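Undergrad: Supplied structure: start_6.txt, compact mmCIF, C-alpha atoms.
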# COMPACT_ATOMS: atom_id res chain seq x y z
CA MET K 1 -90.78 -35.66 -62.76
CA SER K 2 -91.23 -35.26 -59.02
CA PRO K 3 -89.42 -32.54 -57.07
CA ASN K 4 -87.65 -35.26 -55.08
CA SER K 5 -86.06 -36.61 -58.29
CA PRO K 6 -84.79 -33.61 -60.25
CA ALA K 7 -83.48 -34.11 -63.77
CA PRO K 8 -79.70 -34.60 -63.94
CA PHE K 9 -77.44 -32.05 -65.61
CA TYR K 10 -76.22 -32.93 -69.10
CA SER K 11 -73.30 -31.69 -71.14
CA GLN K 12 -71.84 -32.34 -74.59
CA THR K 13 -68.63 -33.76 -73.14
CA PRO K 14 -68.81 -37.06 -71.21
CA ASP K 15 -66.87 -37.18 -67.97
CA ALA K 16 -64.72 -40.04 -66.69
CA SER K 17 -67.74 -41.97 -65.37
CA GLU K 18 -69.73 -41.78 -68.63
CA ARG K 19 -69.48 -43.70 -71.87
CA VAL K 20 -70.74 -42.97 -75.39
CA LEU K 21 -72.78 -45.78 -76.94
CA GLN K 22 -71.45 -47.22 -80.19
CA THR K 23 -73.44 -48.52 -83.14
CA GLY K 24 -70.68 -50.76 -84.49
CA HIS K 25 -66.93 -51.11 -84.91
CA CYS K 26 -64.35 -51.12 -87.60
CA GLN K 27 -61.95 -54.04 -87.74
CA CYS K 28 -58.69 -52.54 -86.57
CA ILE K 29 -55.52 -54.03 -85.08
CA THR K 30 -52.36 -52.52 -83.67
CA GLY K 31 -48.96 -53.89 -84.38
CA ASP K 32 -46.93 -55.39 -81.55
CA SER K 33 -43.59 -56.05 -83.18
CA SER K 34 -41.97 -52.80 -82.08
CA ALA K 35 -42.63 -49.46 -80.42
CA ALA K 36 -42.96 -47.84 -83.85
CA ASP K 37 -45.48 -50.43 -85.04
CA ALA K 38 -47.49 -49.91 -81.88
CA GLN K 39 -48.31 -46.41 -83.12
CA LYS K 40 -49.59 -47.64 -86.48
CA LEU K 41 -53.27 -48.23 -87.04
CA ALA K 42 -54.18 -51.18 -89.28
CA TYR K 43 -57.49 -51.71 -91.07
CA LYS K 44 -58.19 -54.95 -92.93
CA SER K 45 -60.45 -56.21 -95.69
CA ASP K 46 -60.44 -59.45 -97.68
CA ASN K 47 -57.41 -58.54 -99.78
CA LEU K 48 -56.00 -55.43 -98.12
CA GLU K 49 -54.40 -54.20 -94.96
CA VAL K 50 -54.06 -50.42 -94.61
CA ARG K 51 -51.68 -49.07 -91.99
CA LEU K 52 -51.62 -45.43 -90.96
CA HIS K 53 -48.64 -43.87 -89.23
CA PRO K 54 -49.81 -40.95 -87.10
CA PRO K 55 -49.22 -40.94 -83.36
CA ARG K 56 -52.36 -41.87 -81.50
CA TRP K 57 -52.57 -38.49 -79.69
CA GLY K 58 -54.97 -40.19 -77.28
CA SER K 59 -57.72 -39.90 -79.92
CA VAL K 60 -60.20 -42.62 -80.85
CA PHE K 61 -59.54 -42.13 -84.58
CA PRO K 62 -56.41 -41.19 -86.54
CA ALA K 63 -56.20 -37.39 -86.12
CA TYR K 64 -54.31 -34.83 -88.23
CA GLY K 65 -53.44 -31.19 -87.70
CA LEU K 66 -53.31 -28.20 -90.02
CA ASP K 67 -52.26 -29.23 -93.56
CA GLY K 68 -51.35 -32.66 -92.14
CA ILE K 69 -49.97 -35.52 -94.23
CA VAL K 70 -51.83 -38.86 -94.15
CA GLU K 71 -48.91 -41.27 -94.34
CA GLY K 72 -49.38 -45.01 -94.52
CA THR K 73 -49.04 -48.22 -96.50
CA VAL K 74 -51.35 -50.56 -98.39
CA THR K 75 -50.37 -54.22 -98.13
CA PHE K 76 -51.97 -56.98 -100.19
CA ARG K 77 -52.66 -59.93 -97.91
CA LYS K 78 -52.72 -62.23 -100.96
CA PRO K 79 -52.07 -61.77 -104.70
CA CYS K 80 -54.93 -59.91 -106.38
CA THR K 81 -55.53 -60.77 -110.03
CA TYR K 82 -57.18 -58.98 -112.96
CA VAL K 83 -56.43 -55.59 -111.45
CA GLN K 84 -56.76 -52.48 -113.60
CA GLU K 85 -56.06 -49.85 -110.95
CA VAL K 86 -55.33 -49.44 -107.23
CA SER K 87 -55.80 -45.97 -105.78
CA VAL K 88 -55.96 -44.14 -102.44
CA SER K 89 -58.20 -41.10 -102.05
CA LEU K 90 -58.43 -38.52 -99.29
CA GLN K 91 -62.02 -37.31 -99.18
CA GLY K 92 -63.99 -34.85 -97.09
CA VAL K 93 -67.75 -34.28 -97.28
CA LEU K 94 -70.16 -31.80 -95.71
CA THR K 95 -73.58 -33.43 -95.30
CA THR K 96 -76.66 -31.47 -94.26
CA SER K 97 -79.91 -33.36 -93.61
CA ALA K 98 -83.23 -31.61 -93.05
CA SER K 99 -86.77 -32.89 -92.51
CA GLN K 100 -89.44 -31.13 -94.54
CA HIS K 101 -92.56 -31.23 -92.40
CA ALA K 102 -95.50 -32.05 -94.63
CA GLY K 103 -98.03 -34.87 -94.42
CA ILE K 104 -95.00 -37.17 -94.11
CA ALA K 105 -91.55 -36.00 -93.06
CA VAL K 106 -89.39 -36.18 -96.17
CA PRO K 107 -85.66 -35.91 -95.50
CA GLY K 108 -83.63 -33.63 -97.73
CA VAL K 109 -79.90 -34.38 -97.93
CA HIS K 110 -77.39 -31.95 -99.39
CA LYS K 111 -73.72 -32.85 -99.83
CA ILE K 112 -70.70 -30.68 -100.59
CA HIS K 113 -67.31 -32.18 -101.39
CA LEU K 114 -64.64 -30.31 -99.45
CA VAL K 115 -61.58 -32.24 -100.55
CA ARG K 116 -60.93 -35.00 -103.12
CA GLN K 117 -57.33 -36.05 -103.60
CA LYS K 118 -56.57 -39.26 -105.46
CA VAL K 119 -53.22 -41.05 -105.53
CA VAL K 120 -52.86 -43.93 -108.02
CA LEU K 121 -50.65 -46.68 -106.62
CA VAL K 122 -50.94 -49.25 -109.43
CA THR K 123 -52.25 -48.94 -112.96
CA ALA K 124 -52.22 -51.61 -115.67
CA PRO K 125 -51.35 -50.85 -119.30
CA ALA K 126 -54.34 -49.81 -121.41
CA GLY K 127 -56.52 -52.76 -122.37
CA SER K 128 -54.81 -55.21 -120.01
CA THR K 129 -54.74 -56.22 -116.32
CA THR K 130 -52.08 -57.11 -113.80
CA THR K 131 -51.59 -59.13 -110.65
CA VAL K 132 -50.80 -57.04 -107.60
CA SER K 133 -49.03 -58.05 -104.38
CA GLY K 134 -46.64 -56.56 -101.87
CA GLU K 135 -46.69 -53.18 -100.09
CA TYR K 136 -47.27 -49.65 -101.43
CA SER K 137 -46.80 -46.32 -99.67
CA PHE K 138 -49.03 -43.25 -99.88
CA ALA K 139 -48.91 -39.74 -98.42
CA PRO K 140 -51.76 -37.45 -99.50
CA HIS K 141 -52.03 -34.21 -97.53
CA PHE K 142 -54.89 -32.03 -96.39
CA PRO K 143 -55.14 -28.86 -98.50
CA HIS K 144 -55.41 -25.51 -96.78
CA TYR K 145 -58.62 -24.50 -98.57
CA VAL K 146 -61.82 -26.27 -99.56
CA GLU K 147 -62.09 -27.63 -103.07
CA GLY K 148 -62.73 -24.81 -105.53
CA GLY K 149 -63.08 -22.17 -102.82
CA THR K 150 -61.23 -19.73 -100.59
CA ASP K 151 -62.61 -20.84 -97.21
CA PRO K 152 -60.04 -22.68 -95.04
CA LEU K 153 -60.70 -26.40 -94.77
CA PRO K 154 -62.95 -26.84 -91.68
CA PRO K 155 -62.43 -29.34 -88.86
CA SER K 156 -64.35 -32.57 -88.43
CA TYR K 157 -67.70 -31.45 -87.11
CA THR K 158 -71.08 -32.74 -85.93
CA LEU K 159 -74.19 -30.72 -85.07
CA TYR K 160 -77.66 -32.08 -84.31
CA GLN K 161 -80.59 -29.67 -84.18
CA PRO K 162 -84.35 -30.27 -84.26
CA GLY K 163 -85.06 -31.28 -87.85
CA VAL K 164 -81.50 -30.54 -89.05
CA SER K 165 -78.20 -32.37 -88.74
CA THR K 166 -74.83 -31.29 -90.10
CA GLU K 167 -71.70 -33.42 -90.36
CA ILE K 168 -68.24 -32.79 -91.77
CA THR K 169 -66.47 -36.11 -92.17
CA TYR K 170 -63.11 -37.11 -93.62
CA HIS K 171 -61.96 -40.56 -94.64
CA LEU K 172 -59.29 -42.39 -96.55
CA ARG K 173 -60.63 -44.62 -99.32
CA VAL K 174 -58.71 -47.45 -100.99
CA ASP K 175 -60.13 -48.76 -104.30
CA ILE K 176 -59.23 -51.89 -106.26
CA VAL K 177 -60.69 -51.76 -109.78
CA ARG K 178 -60.83 -55.20 -111.42
CA LYS K 179 -61.78 -56.18 -114.93
CA GLY K 180 -65.14 -57.59 -115.95
CA MET K 181 -67.66 -58.92 -113.45
CA ARG K 182 -65.10 -59.34 -110.69
CA ARG K 183 -65.82 -57.58 -107.42
CA HIS K 184 -64.67 -54.01 -107.05
CA GLU K 185 -63.16 -53.81 -103.57
CA LYS K 186 -62.98 -50.68 -101.45
CA LEU K 187 -61.98 -49.90 -97.88
CA LEU K 188 -62.99 -46.75 -95.97
CA VAL K 189 -60.94 -45.55 -93.01
CA PRO K 190 -62.48 -42.71 -90.93
CA ILE K 191 -60.03 -40.01 -89.89
CA LEU K 192 -60.24 -36.70 -88.05
CA TYR K 193 -59.03 -33.36 -89.35
CA LEU K 194 -58.53 -31.00 -86.40
CA PRO K 195 -56.57 -27.95 -87.59
CA LYS K 196 -55.27 -25.48 -85.05
CA SER K 197 -55.74 -21.75 -85.56
CA ARG K 198 -53.86 -18.79 -84.14
CA PRO K 199 -54.19 -14.98 -84.05
CA THR K 200 -52.12 -13.05 -86.56
CA LEU K 201 -51.31 -10.26 -84.08
CA PRO K 202 -50.03 -10.31 -80.50
CA PRO K 203 -52.84 -10.09 -77.92
CA LEU K 204 -53.68 -6.94 -75.98
CA GLU K 205 -53.75 -8.05 -72.36
CA HIS K 206 -55.56 -5.01 -70.97
CA ILE K 207 -57.22 -1.80 -72.12
CA PRO K 208 -54.76 1.08 -71.53
CA TRP K 209 -55.94 3.55 -68.90
CA SER K 210 -55.23 6.44 -71.28
CA VAL K 211 -58.14 5.47 -73.57
CA ARG K 212 -60.52 6.47 -70.78
CA VAL K 213 -60.03 10.07 -71.94
CA ASP K 214 -59.42 9.59 -75.67
CA SER K 215 -59.41 6.14 -77.27
CA THR K 216 -58.37 7.49 -80.69
CA GLN K 217 -54.83 7.99 -79.36
CA ASP K 218 -54.19 4.23 -79.18
CA ALA K 219 -54.30 2.30 -82.48
CA ARG K 220 -54.56 -1.03 -80.65
CA VAL K 221 -58.15 -0.42 -79.52
CA SER K 222 -61.40 0.53 -81.20
CA ASP K 223 -64.71 1.95 -80.02
CA VAL K 224 -68.14 0.49 -80.70
CA VAL K 225 -71.02 2.93 -80.22
CA LEU K 226 -74.28 1.48 -78.91
CA GLU K 227 -77.49 2.68 -80.53
CA PRO K 228 -80.77 2.97 -78.56
CA THR K 229 -83.75 0.71 -79.19
CA TRP K 230 -87.00 2.31 -78.10
CA PRO K 231 -89.83 0.26 -76.63
CA LYS K 232 -93.09 0.02 -78.54
CA GLY K 233 -95.49 2.88 -77.94
CA CYS K 234 -92.89 5.62 -77.52
CA THR K 235 -93.74 8.56 -79.74
CA ALA K 236 -91.29 10.63 -81.69
CA ALA K 237 -92.03 13.57 -79.42
CA THR K 238 -91.07 11.53 -76.36
CA GLN K 239 -87.83 10.43 -77.98
CA ARG K 240 -86.85 14.03 -78.71
CA THR K 241 -87.35 15.16 -75.13
CA VAL K 242 -85.21 12.43 -73.51
CA ASP K 243 -81.60 13.31 -72.81
CA LEU K 244 -79.90 10.16 -74.11
CA PRO K 245 -76.50 9.04 -72.83
CA LEU K 246 -73.57 8.23 -75.09
CA ILE K 247 -72.46 4.62 -74.52
CA THR K 248 -69.30 3.18 -76.07
CA LEU K 249 -67.60 -0.21 -75.80
CA THR K 250 -63.81 -0.19 -76.08
CA MET K 251 -62.05 -3.42 -77.03
CA PRO K 252 -58.91 -4.66 -78.83
CA LYS K 253 -59.01 -3.64 -82.48
CA SER K 254 -58.03 -7.07 -83.83
CA LYS K 255 -61.20 -8.71 -82.43
CA CYS K 256 -59.32 -12.02 -82.54
CA PHE K 257 -58.71 -13.97 -79.33
CA THR K 258 -57.40 -17.33 -78.18
CA SER K 259 -59.98 -19.61 -76.61
CA GLY K 260 -59.57 -19.77 -72.86
CA ASP K 261 -57.90 -16.35 -72.67
CA THR K 262 -59.37 -13.23 -71.11
CA ILE K 263 -60.84 -10.55 -73.39
CA PRO K 264 -60.32 -7.03 -71.95
CA LEU K 265 -63.27 -4.66 -72.34
CA ALA K 266 -64.26 -1.19 -71.17
CA ILE K 267 -67.66 0.51 -71.16
CA LYS K 268 -68.07 4.27 -70.95
CA ILE K 269 -71.48 5.80 -70.19
CA GLU K 270 -71.61 9.57 -70.59
CA CYS K 271 -74.71 11.43 -69.41
CA PRO K 272 -73.73 14.95 -68.24
CA GLY K 273 -77.35 16.07 -68.01
CA SER K 274 -78.29 13.28 -65.59
CA PRO K 275 -75.34 12.00 -63.51
CA VAL K 276 -77.52 9.59 -61.55
CA LEU K 277 -78.72 7.93 -64.76
CA ALA K 278 -75.14 7.04 -65.74
CA GLN K 279 -74.68 5.22 -62.45
CA LEU K 280 -78.00 3.40 -62.78
CA LEU K 281 -77.25 2.25 -66.32
CA SER K 282 -73.78 1.00 -65.33
CA SER K 283 -75.44 -1.33 -62.81
CA ASN K 284 -77.56 -2.85 -65.60
CA ALA K 285 -74.76 -3.52 -68.09
CA HIS K 286 -74.60 -7.17 -69.16
CA VAL K 287 -71.86 -8.51 -71.46
CA CYS K 288 -71.56 -12.15 -72.55
CA LEU K 289 -69.82 -14.28 -75.17
CA VAL K 290 -72.20 -16.22 -77.41
CA LYS K 291 -71.42 -19.17 -79.67
CA ARG K 292 -73.67 -19.35 -82.73
CA GLN K 293 -73.83 -22.40 -84.99
CA LYS K 294 -75.54 -22.01 -88.35
CA ALA K 295 -76.57 -24.52 -91.01
CA TRP K 296 -78.12 -23.48 -94.32
CA VAL K 297 -80.84 -25.77 -95.68
CA SER K 298 -83.24 -25.77 -98.65
CA MET K 299 -80.42 -24.86 -101.06
CA GLY K 300 -79.37 -21.95 -98.89
CA GLU K 301 -82.83 -20.38 -98.65
CA GLN K 302 -83.27 -21.12 -94.93
CA VAL K 303 -80.87 -21.13 -92.03
CA SER K 304 -81.04 -23.15 -88.83
CA ILE K 305 -79.41 -21.40 -85.86
CA ARG K 306 -78.35 -22.71 -82.49
CA GLU K 307 -76.65 -20.49 -79.96
CA TYR K 308 -75.67 -20.61 -76.32
CA GLN K 309 -73.73 -18.48 -73.88
CA LEU K 310 -70.12 -19.40 -73.21
CA SER K 311 -69.28 -16.86 -70.50
CA HIS K 312 -70.36 -13.67 -68.78
CA ALA K 313 -68.15 -10.62 -68.25
CA LYS K 314 -67.02 -9.64 -64.77
CA VAL K 315 -66.46 -6.04 -63.69
CA PHE K 316 -63.16 -5.56 -61.87
CA LEU K 317 -63.14 -1.76 -61.78
CA ALA K 318 -65.94 0.82 -61.70
CA ASP K 319 -64.93 4.48 -61.85
CA GLU K 320 -67.56 7.18 -61.24
CA THR K 321 -65.23 9.97 -60.09
CA GLN K 322 -66.16 12.16 -63.07
CA GLU K 323 -69.67 13.55 -62.67
CA GLY K 324 -72.08 12.27 -65.30
CA THR K 325 -69.71 9.53 -66.48
CA ALA K 326 -69.51 5.88 -65.49
CA TYR K 327 -66.47 3.89 -66.61
CA LEU K 328 -66.35 0.11 -66.29
CA ARG K 329 -63.38 -2.16 -66.91
CA MET K 330 -64.38 -5.77 -67.53
CA GLU K 331 -62.94 -9.18 -68.34
CA LEU K 332 -64.66 -11.76 -70.51
CA GLN K 333 -63.52 -15.39 -70.68
CA ALA K 334 -63.16 -16.67 -74.26
CA GLY K 335 -64.68 -20.10 -73.59
CA GLU K 336 -62.62 -23.15 -72.69
CA ALA K 337 -58.98 -23.37 -73.69
CA GLY K 338 -58.49 -25.16 -77.00
CA ARG K 339 -62.20 -25.94 -77.49
CA GLU K 340 -63.39 -22.94 -79.50
CA CYS K 341 -62.67 -22.00 -83.10
CA SER K 342 -64.52 -19.67 -85.48
CA TRP K 343 -64.88 -20.87 -89.06
CA ARG K 344 -67.35 -20.97 -91.94
CA ILE K 345 -68.17 -22.52 -95.30
CA GLU K 346 -69.97 -19.77 -97.19
CA GLY K 347 -73.67 -20.52 -97.62
CA ALA K 348 -73.44 -23.95 -95.95
CA VAL K 349 -72.35 -23.99 -92.29
CA SER K 350 -70.57 -21.73 -89.83
CA VAL K 351 -69.45 -21.49 -86.22
CA GLU K 352 -69.51 -17.87 -85.10
CA HIS K 353 -68.74 -16.04 -81.87
CA VAL K 354 -70.14 -12.68 -80.85
CA ILE K 355 -69.83 -10.41 -77.83
CA ARG K 356 -73.35 -9.40 -76.84
CA LEU K 357 -73.83 -6.20 -74.83
CA VAL K 358 -77.19 -5.22 -73.35
CA ILE K 359 -77.77 -2.17 -71.14
CA SER K 360 -81.32 -1.78 -69.91
CA PRO K 361 -82.84 1.07 -67.88
CA PRO K 362 -83.93 0.60 -64.26
CA GLU K 363 -87.43 -0.80 -63.82
CA HIS K 364 -88.84 2.48 -62.51
CA VAL K 365 -87.62 4.45 -65.55
CA LYS K 366 -90.36 4.47 -68.17
CA GLU K 367 -90.22 5.35 -71.86
CA PHE K 368 -86.46 4.91 -72.03
CA PRO K 369 -84.58 2.88 -74.66
CA ILE K 370 -82.56 -0.30 -74.28
CA TYR K 371 -79.02 -0.36 -75.67
CA ARG K 372 -78.05 -3.54 -77.52
CA ARG K 373 -75.08 -4.43 -79.66
CA GLU K 374 -73.44 -7.58 -80.97
CA VAL K 375 -69.79 -7.47 -81.99
CA PRO K 376 -68.51 -10.41 -84.10
CA VAL K 377 -65.18 -11.77 -82.90
CA ARG K 378 -62.92 -14.59 -84.02
CA LEU K 379 -61.73 -17.26 -81.61
CA THR K 380 -58.71 -19.48 -82.24
CA THR K 381 -57.59 -22.71 -80.63
CA ASP K 382 -54.00 -21.66 -79.83
CA HIS K 383 -51.91 -18.66 -78.86
CA TYR K 384 -50.11 -16.24 -81.11
CA GLY K 385 -46.58 -17.31 -82.04
CA SER K 386 -46.84 -20.90 -80.79
CA LEU K 387 -46.58 -22.63 -84.19
CA GLN K 388 -42.79 -22.69 -84.58
CA ASN K 389 -42.15 -24.09 -81.11
CA GLU K 390 -44.73 -26.79 -81.69
CA LEU K 391 -43.25 -27.84 -85.04
CA LEU K 392 -39.77 -27.98 -83.51
CA ALA K 393 -40.99 -30.13 -80.63
CA MET K 394 -42.91 -32.50 -82.95
CA ASN K 395 -40.26 -32.74 -85.71
CA GLY K 396 -42.45 -30.81 -88.15
CA VAL K 397 -45.66 -32.74 -87.50
CA PRO K 398 -48.58 -30.35 -86.80
CA PHE K 399 -50.35 -31.25 -83.57
CA PRO K 400 -54.13 -31.64 -83.97
CA ALA K 401 -56.54 -29.49 -81.99
CA LEU K 402 -57.91 -32.34 -79.90
CA GLY K 403 -60.22 -29.96 -78.03
CA LEU K 404 -62.31 -29.70 -81.22
CA SER K 405 -63.04 -33.43 -81.26
CA ASP K 406 -66.77 -33.89 -80.72
CA PRO K 407 -67.89 -36.93 -78.65
CA ASN K 408 -71.26 -36.90 -80.45
CA ARG K 409 -69.46 -38.05 -83.59
CA HIS K 410 -68.82 -41.48 -82.05
CA LEU K 411 -72.55 -42.24 -82.11
CA ARG K 412 -72.55 -42.59 -85.89
CA VAL K 413 -68.96 -43.13 -87.01
CA PRO K 414 -67.47 -46.65 -86.74
CA ARG K 415 -64.89 -46.72 -83.99
CA PRO K 416 -61.67 -48.71 -84.34
CA LEU K 417 -60.75 -51.19 -81.65
Turn the structure described in the file into structure tokens.

TA:
Amino acid sequence: MSPNSPAPFYSQTPDASERVLQTGHCQCITGDSSAADAQKLAYKSDNLEVRLHPPRWGSVFPAYGLDGIVEGTVTFRKPCTYVQEVSVSLQGVLTTSASQHAGIAVPGVHKIHLVRQKVVLVTAPAGSTTTVSGEYSFAPHFPHYVEGGTDPLPPSYTLYQPGVSTEITYHLRVDIVRKGMRRHEKLLVPILYLPKSRPTLPPLEHIPWSVRVDSTQDARVSDVVLEPTWPKGCTAATQRTVDLPLITLTMPKSKCFTSGDTIPLAIKIECPGSPVLAQLLSSNAHVCLVKRQKAWVSMGEQVSIREYQLSHAKVFLADETQEGTAYLRMELQAGEAGRECSWRIEGAVSVEHVIRLVISPPEHVKEFPIYRREVPVRLTTDHYGSLQNELLAMNGVPFPALGLSDPNRHLRVPRPL
């Protein structure tokens, strides 16, 4: 590409002037008889019409919040004969696809069922059939944990990496089981599960000034000591002769933060034997927030990792009044508000966040170690204590975390009209 035509900047989120290409559409209509019907989504097949009752939330698909209830009705457009059973199932599946590079790329697909809830609407007596017509209500709900596990049920999710793709999809499935050679009819309705998360403790807005002297006196903060990493070629004798500084990172003890908020941090570099070195190292301190997405493939034997930096810490106070000690107070932005959430399915997929701290020596200082440390943190979509107010405002309906909705999902999931 010529210098006069540089490549455009790309992002995962389309702006107002961009559109996401669709591969197809799902037949969907909206009612127009009343304001209430206008908020119902209707999906049709030959014999069925399924109507869901969530507010649209401005989302492309029906979206549900934490432990949400999928309320709706199944209406038979015409009498259906020889029916043995009519059921509605809420299903969630984690699908991981990987290409095994050999002479020919052979895709390997691994599926994990996260939720399977079946509600039987009609069942015929044993050995007989029935004719079904009319309207039937259903209301399955999202469980809090994955099927047969202790991990919280994850949000709808899509990740594409070179050679590996991971998708977490949820859908509502309606089945009509008919006797003999008559056609078994089913209807799949894609839905989004976007649970909000919140810290369990109130946030610490700033690091108390008193911890500069002794951080053990405040139970709300904790210290992380950075260990040196020596460059290759440094002998043990050289390492013993270097007067190493003591470097600590002070941060809130909970290590749980709301996305979009500011994370308070403090770095203390103590080097009484070389006061100038403490000042030089403080100028080379780099702190950033990293998002790490993992997907396990080959039956958990290999892991595919993608990571990128969300933000970089800014120093708002540097104190060097005490000789041989440099003290930095910093602020780190926890990503975009409502768009970050840490979660995992053990041995399958995870979204992690870490604070990465790197302190390197000045270029003219030779045979001196680099200090590195990664501190795992948990990010949530919403603030501490906001759940009750939200439920009161929404009459008990949990609001979905719309910031977690991934536009890449629309490339492969049928989109309603």

Undergrad: What lies within 8 Å of Lys179 in chain K using only C-alpha atoms, ignoring chain neighbours under 5 positions off, as a PyMOL selection string?

TA: chain K and resi 82-84+129

Undergrad: How many Å lie between CA of Leu310 in chain K and CA of Cys288 in chain K, rounded to one decimal?

TA: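 Computing the Euclidean distance for CA of Leu310 in chain K and CA of Cys288 in chain K yields 7.4 Å.
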
Undergrad: Using all atoms listed in the file, can you tell me which of K:Leu204, K:Cys271, K:Ala295, K:Val315 comes closest to Ala348 in chain K?

TA: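 Ranked by minimum distance to Ala348 in chain K, first place goes to K:Ala295.
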
Undergrad: For CA of Pro140 in chain K and CA of Asp175 in chain K, determine how far apart the two atoms are, in Å to one decimal place.

TA: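 Taking CA of Pro140 in chain K and CA of Asp175 in chain K, their separation equals 14.9 Å.
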
Undergrad: Can you pull out every residue within 7 Å of range 85-91 of chain K, counting only C-alpha atoms, but drop anything in the same chain fewer than 3 positions away, and send it as a PyMOL selection string?

TA: chain K and resi 115-124+140+170-177

Undergrad: Which residue gives the smallest distance to Arg378 in chain K among K:Val224, K:Thr200, K:Trp296, K:Gly347, with all atoms listed in the file counted?

TA: K:Thr200

Undergrad: For range 392-403 of chain K, list every protein, DNA or RNA residue within 10 Å, evaluated using all atoms listed in the file, and leave out those in the same chain fewer than 6 positions away; present the list as a ChimeraX atom specification.

TA: /K:54-55,57-59,63-69,155,192-197,336-341,381-382

Undergrad: Calculated over all atoms listed in the file, which of the candidates K:Ser386, K:Thr73, K:Ser360, K:Thr380 has the smallest distance to Pro231 in chain K?

TA: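 Comparing K:Ser386, K:Thr73, K:Ser360, K:Thr380 against Pro231 in chain K, the winner is K:Ser360.
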
Undergrad: If you measure from CA of Val351 in chain K to CA of Thr95 in chain K, what distance in Å do you get, rounded to one decimal?

TA: 15.6 Å

Undergrad: Give me the residues near Lys268 in chain K as a VMD selection string, where near means some atom within 9 Å (using all atoms listed in the file) and where sequence neighbours in that chain fewer than 5 positions away do not count.

TA: chain K and resid 212 246 to 250 282 325 to 329

Undergrad: Which of these residues is nearest to Pro152 in chain K, using all atoms listed in the file: K:Val354, K:Leu187, K:Ser283, K:Glu346?

TA: K:Glu346

Undergrad: Find the residues near Leu379 in chain K: any atom within 6 Å, counting all atoms listed in the file, skip ones fewer than 3 places away on the same chain, and give them as a ChimeraX atom specification.

TA: /K:256-259,341-342

Undergrad: From the list K:Val221, K:Leu201, K:Val70, K:Ile345, which residue is nearest Leu153 in chain K when using all atoms listed in the file?

TA: K:Ile345

Undergrad: Which one of K:Gln279, K:Ser133, K:Thr169, K:Ser222 sits closest to Ile359 in chain K if you count all atoms listed in the file?

TA: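 Among K:Gln279, K:Ser133, K:Thr169, K:Ser222, it is K:Gln279 that comes nearest to Ile359 in chain K.
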